[in-house]
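Structure below is work-v7.cif: mmCIF, C-alpha atoms and all ligand atoms.
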```cif
data_entry
#
loop_
_atom_site.label_atom_id
_atom_site.label_comp_id
_atom_site.auth_asym_id
_atom_site.auth_seq_id
_atom_site.Cartn_x
_atom_site.Cartn_y
_atom_site.Cartn_z
CA MET D 164 0.00 0.00 0.00
CA ILE D 165 2.73 2.45 1.11
CA GLU D 166 4.91 1.20 -1.74
CA SER D 167 2.20 1.88 -4.33
CA PHE D 168 1.60 5.33 -2.79
CA CYS D 169 5.33 6.14 -3.14
CA MET D 170 5.35 4.91 -6.75
CA GLN D 171 2.35 7.11 -7.57
CA TYR D 172 4.05 10.09 -5.90
CA VAL D 173 7.25 9.61 -7.90
CA GLU D 174 5.33 9.05 -11.16
CA LEU D 175 3.23 12.19 -10.68
CA VAL D 176 6.12 14.44 -9.67
CA GLN D 177 8.29 13.19 -12.57
CA GLY D 178 5.40 13.92 -14.93
CA LEU D 179 4.96 17.44 -13.55
CA TYR D 180 8.64 18.22 -14.11
CA GLN D 181 8.52 17.07 -17.75
CA LYS D 182 8.31 19.62 -20.57
CA PRO D 183 5.49 19.57 -21.47
CA ALA D 184 4.16 18.36 -18.13
CA ARG D 185 2.14 15.14 -18.08
CA ILE D 186 -0.37 13.49 -15.79
CA SER D 187 -1.30 9.90 -16.67
CA PRO D 188 -5.02 9.44 -17.51
CA LYS D 189 -5.21 6.68 -14.89
CA PHE D 190 -5.37 9.48 -12.29
CA PHE D 191 -8.75 10.63 -13.70
CA TYR D 192 -10.51 7.81 -11.89
CA ASP D 193 -11.02 8.77 -8.26
CA ALA D 194 -14.64 8.39 -7.09
CA LYS D 195 -15.66 11.78 -8.55
CA GLY D 196 -13.76 11.17 -11.81
CA SER D 197 -15.37 7.74 -12.24
CA ALA D 198 -18.82 9.29 -11.71
CA LEU D 199 -18.01 12.09 -14.19
CA PHE D 200 -16.86 9.50 -16.71
CA GLU D 201 -20.22 7.78 -16.34
CA ASP D 202 -21.88 11.15 -17.07
CA ILE D 203 -19.69 11.48 -20.18
CA THR D 204 -20.87 8.10 -21.45
CA ARG D 205 -24.44 9.39 -21.39
CA LEU D 206 -23.69 12.56 -23.40
CA GLN D 207 -25.16 12.87 -26.87
CA ALA D 208 -21.78 14.06 -28.20
CA TYR D 209 -19.89 11.09 -26.71
CA TYR D 210 -20.77 8.37 -29.26
CA PRO D 211 -18.36 5.52 -28.23
CA THR D 212 -20.35 4.02 -25.35
CA ARG D 213 -23.75 3.91 -26.99
CA THR D 214 -22.28 2.81 -30.34
CA GLU D 215 -20.43 -0.08 -28.72
CA GLN D 216 -23.54 -1.01 -26.73
CA SER D 217 -25.62 -1.03 -29.91
CA ILE D 218 -23.05 -3.28 -31.64
CA LEU D 219 -23.06 -5.70 -28.69
CA ALA D 220 -26.87 -5.74 -28.56
CA ALA D 221 -27.47 -6.03 -32.31
CA ASN D 222 -25.00 -8.91 -32.66
CA ALA D 223 -25.58 -10.64 -29.31
CA PRO D 224 -26.62 -14.06 -30.73
CA GLU D 225 -23.73 -14.13 -33.20
CA ILE D 226 -21.22 -13.01 -30.56
CA ALA D 227 -22.57 -15.65 -28.16
CA ARG D 228 -22.16 -18.36 -30.83
CA ALA D 229 -18.62 -17.24 -31.63
CA VAL D 230 -17.57 -17.02 -27.97
CA GLY D 231 -19.41 -20.09 -26.60
CA ALA D 232 -20.85 -20.73 -23.13
CA ASN D 233 -19.20 -21.54 -19.77
CA ARG D 234 -16.41 -19.07 -20.17
CA THR D 235 -14.43 -17.46 -17.38
CA VAL D 236 -14.90 -13.80 -18.25
CA ILE D 237 -12.19 -11.38 -17.10
CA GLU D 238 -13.38 -7.83 -17.65
CA LEU D 239 -10.55 -5.30 -17.63
CA GLY D 240 -11.38 -1.70 -16.71
CA ALA D 241 -14.77 -3.02 -15.60
CA GLY D 242 -16.08 0.35 -14.31
CA ASN D 243 -19.80 -0.06 -13.61
CA CYS D 244 -19.93 -3.51 -15.33
CA GLN D 245 -22.86 -2.35 -17.49
CA LYS D 246 -21.42 -3.84 -20.68
CA ALA D 247 -20.54 -7.08 -18.91
CA ILE D 248 -24.16 -7.43 -17.78
CA VAL D 249 -25.34 -7.31 -21.42
CA LEU D 250 -22.60 -9.74 -22.49
CA CYS D 251 -23.17 -12.20 -19.62
CA GLU D 252 -26.90 -12.31 -20.40
CA SER D 253 -26.11 -13.78 -23.80
CA ILE D 254 -22.96 -15.86 -23.23
CA HIS D 255 -23.78 -17.36 -19.77
CA PRO D 256 -20.28 -17.53 -18.29
CA ALA D 257 -19.42 -19.76 -15.33
CA TYR D 258 -17.10 -17.21 -13.68
CA PHE D 259 -16.76 -13.46 -13.85
CA LEU D 260 -13.80 -11.43 -12.63
CA ALA D 261 -14.00 -7.63 -12.66
CA VAL D 262 -10.66 -5.79 -12.76
CA ASP D 263 -10.53 -2.02 -12.34
CA ILE D 264 -8.21 0.64 -10.98
CA SER D 265 -10.96 2.25 -8.88
CA GLU D 266 -11.61 0.04 -5.85
CA GLU D 267 -14.47 2.15 -4.50
CA PHE D 268 -16.28 1.95 -7.79
CA LEU D 269 -15.80 -1.82 -8.21
CA HIS D 270 -17.50 -2.62 -4.93
CA ASP D 271 -20.91 -1.23 -6.05
CA ALA D 272 -20.55 -2.59 -9.58
CA VAL D 273 -19.93 -6.13 -8.34
CA ALA D 274 -22.88 -5.91 -5.93
CA THR D 275 -25.09 -5.10 -8.95
CA MET D 276 -23.60 -8.01 -10.91
CA ARG D 277 -24.33 -10.40 -8.02
CA LEU D 278 -27.98 -9.35 -8.02
CA SER D 279 -28.26 -9.87 -11.79
CA PHE D 280 -26.44 -13.25 -11.81
CA PRO D 281 -26.97 -15.05 -8.47
CA ASN D 282 -25.60 -18.35 -9.83
CA MET D 283 -22.41 -17.03 -11.36
CA GLU D 284 -19.10 -17.05 -9.44
CA ILE D 285 -18.15 -13.36 -9.22
CA GLN D 286 -14.93 -11.81 -7.96
CA ALA D 287 -13.27 -8.40 -8.24
CA ILE D 288 -9.73 -7.13 -7.95
CA ALA D 289 -8.30 -3.62 -8.10
CA ALA D 290 -5.34 -3.46 -10.49
CA ASP D 291 -3.44 -0.99 -12.60
CA LEU D 292 -3.34 -2.34 -16.17
CA THR D 293 -0.05 -0.58 -16.82
CA SER D 294 1.68 -3.19 -14.62
CA ASP D 295 1.39 -6.97 -14.41
CA ILE D 296 -2.14 -8.24 -13.86
CA VAL D 297 -2.06 -10.79 -11.00
CA LEU D 298 -5.21 -12.94 -11.14
CA PRO D 299 -6.66 -14.77 -8.11
CA PRO D 300 -5.10 -18.28 -7.99
CA SER D 301 -8.60 -19.83 -7.79
CA LEU D 302 -9.57 -18.48 -11.23
CA PRO D 303 -9.91 -21.30 -13.80
CA THR D 304 -7.32 -21.18 -16.58
CA ALA D 305 -9.48 -22.96 -19.18
CA ARG D 306 -11.90 -21.12 -21.46
CA ARG D 307 -10.98 -17.62 -20.38
CA LEU D 308 -12.46 -14.68 -22.25
CA VAL D 309 -10.75 -11.35 -21.66
CA PHE D 310 -13.34 -8.62 -22.22
CA TYR D 311 -11.92 -5.14 -22.71
CA PRO D 312 -14.72 -2.86 -23.90
CA GLY D 313 -15.00 0.93 -24.15
CA SER D 314 -12.00 1.46 -26.40
CA SER D 315 -9.83 1.95 -23.34
CA ILE D 316 -7.01 0.41 -25.39
CA GLY D 317 -7.04 3.80 -27.17
CA ASN D 318 -5.74 5.49 -24.02
CA PHE D 319 -2.38 3.70 -24.40
CA ASP D 320 0.17 4.80 -26.95
CA PRO D 321 0.87 2.13 -29.60
CA SER D 322 3.88 0.59 -27.81
CA GLN D 323 2.02 0.46 -24.47
CA ALA D 324 -1.06 -0.92 -26.25
CA LEU D 325 1.08 -3.68 -27.74
CA ALA D 326 2.51 -4.48 -24.30
CA LEU D 327 -0.98 -4.58 -22.77
CA LEU D 328 -2.37 -6.80 -25.56
CA SER D 329 0.61 -9.12 -25.04
CA ARG D 330 -0.16 -9.26 -21.28
CA MET D 331 -3.78 -10.12 -22.14
CA ARG D 332 -2.53 -12.84 -24.48
CA GLY D 333 -0.44 -14.13 -21.56
CA LEU D 334 -3.63 -14.62 -19.50
CA LEU D 335 -5.05 -16.99 -22.13
CA ALA D 336 -4.53 -20.69 -22.78
CA ASP D 337 -5.03 -21.96 -26.35
CA ASP D 338 -8.81 -22.08 -25.83
CA GLY D 339 -8.89 -18.46 -24.63
CA ALA D 340 -10.27 -15.45 -26.48
CA LEU D 341 -10.27 -11.66 -26.35
CA LEU D 342 -13.34 -9.50 -27.04
CA ILE D 343 -12.26 -5.88 -27.35
CA GLY D 344 -13.90 -2.57 -28.25
CA VAL D 345 -11.94 -0.21 -30.51
CA ASP D 346 -12.82 3.33 -31.52
CA LEU D 347 -12.26 4.03 -35.21
CA VAL D 348 -10.98 7.04 -37.16
CA LYS D 349 -13.79 9.34 -38.24
CA SER D 350 -14.60 13.01 -38.98
CA GLU D 351 -12.65 15.52 -36.91
CA THR D 352 -15.86 17.42 -36.08
CA VAL D 353 -17.43 14.35 -34.48
CA LEU D 354 -14.22 13.57 -32.58
CA ASN D 355 -13.69 17.11 -31.30
CA ALA D 356 -17.31 17.39 -30.11
CA ALA D 357 -17.05 14.06 -28.27
CA TYR D 358 -14.09 15.29 -26.20
CA ASP D 359 -15.15 18.93 -25.77
CA ASP D 360 -18.89 18.75 -25.14
CA ASP D 361 -21.06 21.86 -24.83
CA GLU D 362 -22.27 20.85 -21.36
CA GLY D 363 -18.69 21.02 -20.01
CA VAL D 364 -18.79 17.50 -18.53
CA THR D 365 -15.52 16.43 -20.18
CA ALA D 366 -13.96 19.72 -19.02
CA ALA D 367 -15.02 18.93 -15.43
CA PHE D 368 -13.63 15.38 -15.81
CA ASN D 369 -10.29 16.70 -17.08
CA LEU D 370 -10.02 19.41 -14.39
CA ASN D 371 -10.94 16.97 -11.61
CA VAL D 372 -7.60 15.24 -12.11
CA LEU D 373 -5.95 18.29 -10.49
CA ASP D 374 -7.99 17.86 -7.29
CA HIS D 375 -7.05 14.18 -7.26
CA VAL D 376 -3.36 15.02 -7.75
CA ASN D 377 -3.62 17.57 -4.89
CA ARG D 378 -4.76 14.79 -2.58
CA LEU D 379 -2.06 12.38 -3.79
CA ILE D 380 1.00 14.64 -3.61
CA GLY D 381 -0.19 17.54 -1.44
CA SER D 382 -0.02 20.03 -4.33
CA ASP D 383 -1.97 23.27 -4.53
CA PHE D 384 -3.43 23.18 -8.05
CA ASP D 385 -6.40 25.55 -8.28
CA THR D 386 -8.78 24.26 -10.98
CA ARG D 387 -10.03 27.83 -11.62
CA GLN D 388 -6.59 28.66 -13.03
CA TRP D 389 -6.77 25.96 -15.71
CA GLN D 390 -8.87 25.29 -18.78
CA HIS D 391 -9.78 22.16 -20.70
CA ARG D 392 -8.39 21.70 -24.23
CA ALA D 393 -9.23 18.76 -26.49
CA PHE D 394 -8.62 18.24 -30.21
CA PHE D 395 -7.93 15.57 -32.82
CA ASN D 396 -4.29 15.24 -33.85
CA ALA D 397 -4.67 13.65 -37.32
CA GLU D 398 -0.97 12.94 -37.74
CA GLN D 399 -0.92 10.80 -34.59
CA SER D 400 -4.49 9.54 -35.11
CA ARG D 401 -5.45 10.50 -31.57
CA VAL D 402 -7.62 12.92 -29.63
CA GLU D 403 -5.44 14.78 -27.13
CA MET D 404 -6.63 16.29 -23.88
CA HIS D 405 -4.65 18.97 -22.08
CA LEU D 406 -5.08 21.41 -19.21
CA GLU D 407 -3.94 24.92 -20.11
CA ALA D 408 -2.80 27.56 -17.60
CA ARG D 409 -5.03 30.68 -17.74
CA ALA D 410 -2.20 32.85 -16.34
CA ASP D 411 1.43 32.62 -15.21
CA LEU D 412 1.33 30.58 -12.03
CA LEU D 413 3.28 28.53 -9.50
CA VAL D 414 2.20 25.09 -8.33
CA ARG D 415 3.73 23.75 -5.11
CA TRP D 416 3.74 20.28 -3.57
CA HIS D 417 5.47 18.72 -0.54
CA ASP D 418 9.03 18.79 -1.80
CA GLY D 419 8.91 20.75 -5.02
CA SER D 420 7.20 23.26 -7.26
CA ARG D 421 6.86 24.22 -10.90
CA ARG D 422 6.12 27.48 -12.68
CA PHE D 423 3.70 27.44 -15.61
CA SER D 424 3.41 30.33 -18.06
CA GLU D 425 0.04 31.46 -19.38
CA GLY D 426 -1.00 29.07 -22.17
CA GLU D 427 1.37 26.30 -21.05
CA ARG D 428 -0.24 22.88 -21.00
CA ILE D 429 -0.28 19.66 -19.01
CA HIS D 430 -0.94 16.70 -21.31
CA THR D 431 -3.52 14.52 -19.56
CA GLU D 432 -4.78 12.01 -22.14
CA ASN D 433 -4.45 10.53 -25.61
CA SER D 434 -7.32 8.60 -27.12
CA TYR D 435 -6.05 6.77 -30.21
CA LYS D 436 -8.45 6.10 -33.06
CA TYR D 437 -7.67 3.07 -35.21
CA ARG D 438 -8.38 1.78 -38.69
CA VAL D 439 -9.56 -1.84 -38.39
CA GLU D 440 -6.62 -3.17 -40.42
CA ASP D 441 -4.09 -1.33 -38.23
CA PHE D 442 -5.65 -2.71 -35.09
CA VAL D 443 -5.66 -6.25 -36.49
CA ASP D 444 -1.97 -5.77 -37.28
CA LEU D 445 -1.34 -4.72 -33.64
CA LEU D 446 -3.23 -7.81 -32.41
CA GLY D 447 -1.06 -9.97 -34.65
CA ARG D 448 2.09 -8.53 -33.10
CA ALA D 449 0.70 -9.46 -29.67
CA GLY D 450 0.19 -13.08 -30.74
CA LEU D 451 -3.53 -12.76 -31.38
CA THR D 452 -5.50 -13.42 -34.57
CA ARG D 453 -8.67 -11.60 -35.43
CA THR D 454 -11.54 -14.01 -35.93
CA GLN D 455 -14.50 -11.65 -36.27
CA VAL D 456 -15.20 -7.92 -36.36
CA TRP D 457 -18.57 -6.27 -35.75
CA THR D 458 -19.14 -2.57 -36.48
CA ASP D 459 -22.04 -0.11 -36.55
CA GLU D 460 -23.58 1.24 -39.76
CA GLN D 461 -21.33 4.30 -39.82
CA ALA D 462 -18.23 2.22 -39.00
CA TRP D 463 -17.48 4.50 -36.04
CA PHE D 464 -16.61 1.71 -33.62
CA ALA D 465 -15.56 -1.94 -33.82
CA VAL D 466 -15.93 -4.93 -31.51
CA VAL D 467 -13.19 -7.44 -32.33
CA LEU D 468 -12.98 -11.09 -31.31
CA ALA D 469 -9.43 -12.44 -31.35
CA ARG D 470 -7.82 -15.74 -30.37
CA PRO D 471 -4.27 -16.84 -29.59
C1 LIG D 501 -11.93 5.57 -21.00
N1 LIG D 501 -11.61 6.09 -22.32
C2 LIG D 501 -11.84 5.09 -23.35
C3 LIG D 501 -12.25 7.37 -22.64
C4 LIG D 501 -11.87 7.81 -24.07
O1 LIG D 501 -12.78 8.07 -24.83
O2 LIG D 501 -10.69 7.86 -24.38
C5 LIG D 501 -11.86 8.44 -21.64
C6 LIG D 501 -12.42 9.78 -21.98
N2 LIG D 501 -11.75 10.90 -22.00
C7 LIG D 501 -12.54 11.88 -22.33
N3 LIG D 501 -13.74 11.42 -22.55
C8 LIG D 501 -13.68 10.09 -22.32
#
```

The structure in this file should be written as structure tokens.
Amino acid sequence: MIESFCMQYVELVQGLYQKPARISPKFFYDAKGSALFEDITRLQAYYPTRTEQSILAANAPEIARAVGANRTVIELGAGNCQKAIVLCESIHPAYFLAVDISEEFLHDAVATMRLSFPNMEIQAIAADLTSDIVLPPSLPTARRLVFYPGSSIGNFDPSQALALLSRMRGLLADDGALLIGVDLVKSETVLNAAYDDDEGVTAAFNLNVLDHVNRLIGSDFDTRQWQHRAFFNAEQSRVEMHLEARADLLVRWHDGSRRFSEGERIHTENSYKYRVEDFVDLLGRAGLTRTQVWTDEQAWFAVVLARP
């Protein structure tokens, strides 16, 4: 516990000293950030969640046939488990393991799962997907299905995404499978609106990371001095989120400080958008073969089933 606190401290402080400064998007998800993210998923402008849900619902029988019953489902970044509920209703797994970075959030989500599936074996663990994922020893190794919805893979840069996909591959025996949601490249207008909504929910989500960092390293970020910036970077095929200083300012924490000039930014998130063929190529490099791809009518989002 103390060790992980120290590692977080070092990671955050190193990021704040970088030029440009960085805060990893994993720090978005304190209790308030997780709730704000849920609000984002309900926004009209934020298409990924509802598009993925519609793909999963429209193709449920076919996905269930392709995946098969009696799986041990491992949902990574489980959040509120809403997508797992829809999936479990059609594929009838024997076991379900929810993995998420936010422990507080998992507790409620798993309680909901237990009500919906009283006969399924359900467990939860808090884990940071950027390091090794240690599964409970009692979890069956046969017929595992890693479920990674929401296009969270997009929040890792391509080399980290490859490392994460390889770790997922490492959780699977030959009869294992991966079902993963991937956000696809589309019009810049749609992308920019999704990450800079008129209601200001994404702005609140982005700014909240500063309050979380204040609690973690004892810094004195004042959210009123920062503004949300989000835009599609076509060259890198990613939406970038930043926090921009509204004036020259000094931020202090326990054993350090940093000056920011007006307009200077802290890079808080990348959300990579893939072309299906590029993602399949990435899967291949992680030792996984695409077996099926489902998309929506506009080809905005893809759900990919891959096997070792
Ligand atoms: C969690 N992740 C897939 C979201 C995304 O779209 O990259 C996080 C997010 N950031 C801003 N809005 C949503």

Mind checking which residues fall within 10 Å of range 384-400 of chain D, counting all atoms listed in the file, ignoring those fewer than 4 positions away in the same chain, and posting them as a ChimeraX atom specification? /D:320,347-360,363,365-377,404-416,425-438

Separation of CA of Val249 in chain D from CA of Leu342 in chain D in Å: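 Here the two named atoms are 13.4 Å from each other.
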
Rank D:Phe259, D:Phe319, D:Tyr180, D:Phe310 by their smallest atom-to-atom distance to ligand LIG 501 (chain D), using only C-alpha atoms and all ligand atoms, and report the top residue only. D:Phe319

Quick one: residues within 8 Å of Tyr311 in chain D, only C-alpha atoms counted, chain neighbours fewer than 4 positions away excluded, as a PyMOL selection string? chain D and resi 238-241+315-316+341-344

Residue nearest Arg185 in chain D - candidates D:Glu403, D:Asp444, D:Asp338, D:Asp361, atoms counted: only C-alpha atoms: D:Glu403

Measuring between all atoms listed in the file, which one of D:Leu269, D:Ile237, D:Val364, D:Ala194 shows the shortest distance to ligand LIG 501 (chain D)?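 Once distances to ligand LIG 501 (chain D) are computed over all atoms listed in the file, the minimum belongs to D:Val364.
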
Taking into account only C-alpha atoms and all ligand atoms, which residue in the set D:Glu215, D:Asp441, D:Asp346, D:Asp383 is nearest to ligand LIG 501 (chain D)?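 Among the listed residues, the smallest separation from ligand LIG 501 (chain D) belongs to D:Asp346.
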
Using only C-alpha atoms, list the residues that have an atom at most 10 Å from (-3.6, -6.9, -12.9), coordinates as in the file, as a PyMOL selection string. chain D and resi 239+262-264+288-299+330-331

Edge lengths and centre in Å to one decimal, as AutoDock Vina command-line options, is what I'm after for the box along x, y and z that holds all listed atoms of range 360-378 of chain D once 6 Å is added on each side.
```
--center_x -12.8 --center_y 18.0 --center_z -13.9 --size_x 30.9 --size_y 19.7 --size_z 34.6
```

Quick one, how far is CA of Val273 in chain D from CA of Lys189 in chain D?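 CA of Lys189 in chain D lies at a distance of 20.6 Å from CA of Val273 in chain D.
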
Considering only C-alpha atoms and all ligand atoms, can you say which of D:Gln245, D:Thr212, D:Thr458, D:Ser187 comes closest to ligand LIG 501 (chain D)?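 Between D:Gln245, D:Thr212, D:Thr458, D:Ser187, the residue approaching ligand LIG 501 (chain D) most closely is D:Thr212.
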
Taking all atoms listed in the file into account, which of D:His255, D:His417, D:Lys195, D:His270 comes nearest Pro224 in chain D?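 Of D:His255, D:His417, D:Lys195, D:His270, the one nearest Pro224 in chain D, counting all atoms listed in the file, is D:His255.
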
Separation of CA of Gly381 in chain D and CA of Leu175 in chain D, in Å?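 The value is 11.2 Å.
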
Excluding Thr275 in chain D and any residue of its chain fewer than 6 positions from it, enumerate the residues within 12 Å of it, using all atoms listed in the file, and give them as a VMD selection string. chain D and resid 242 to 245 247 to 248 261 268 to 269 281 285
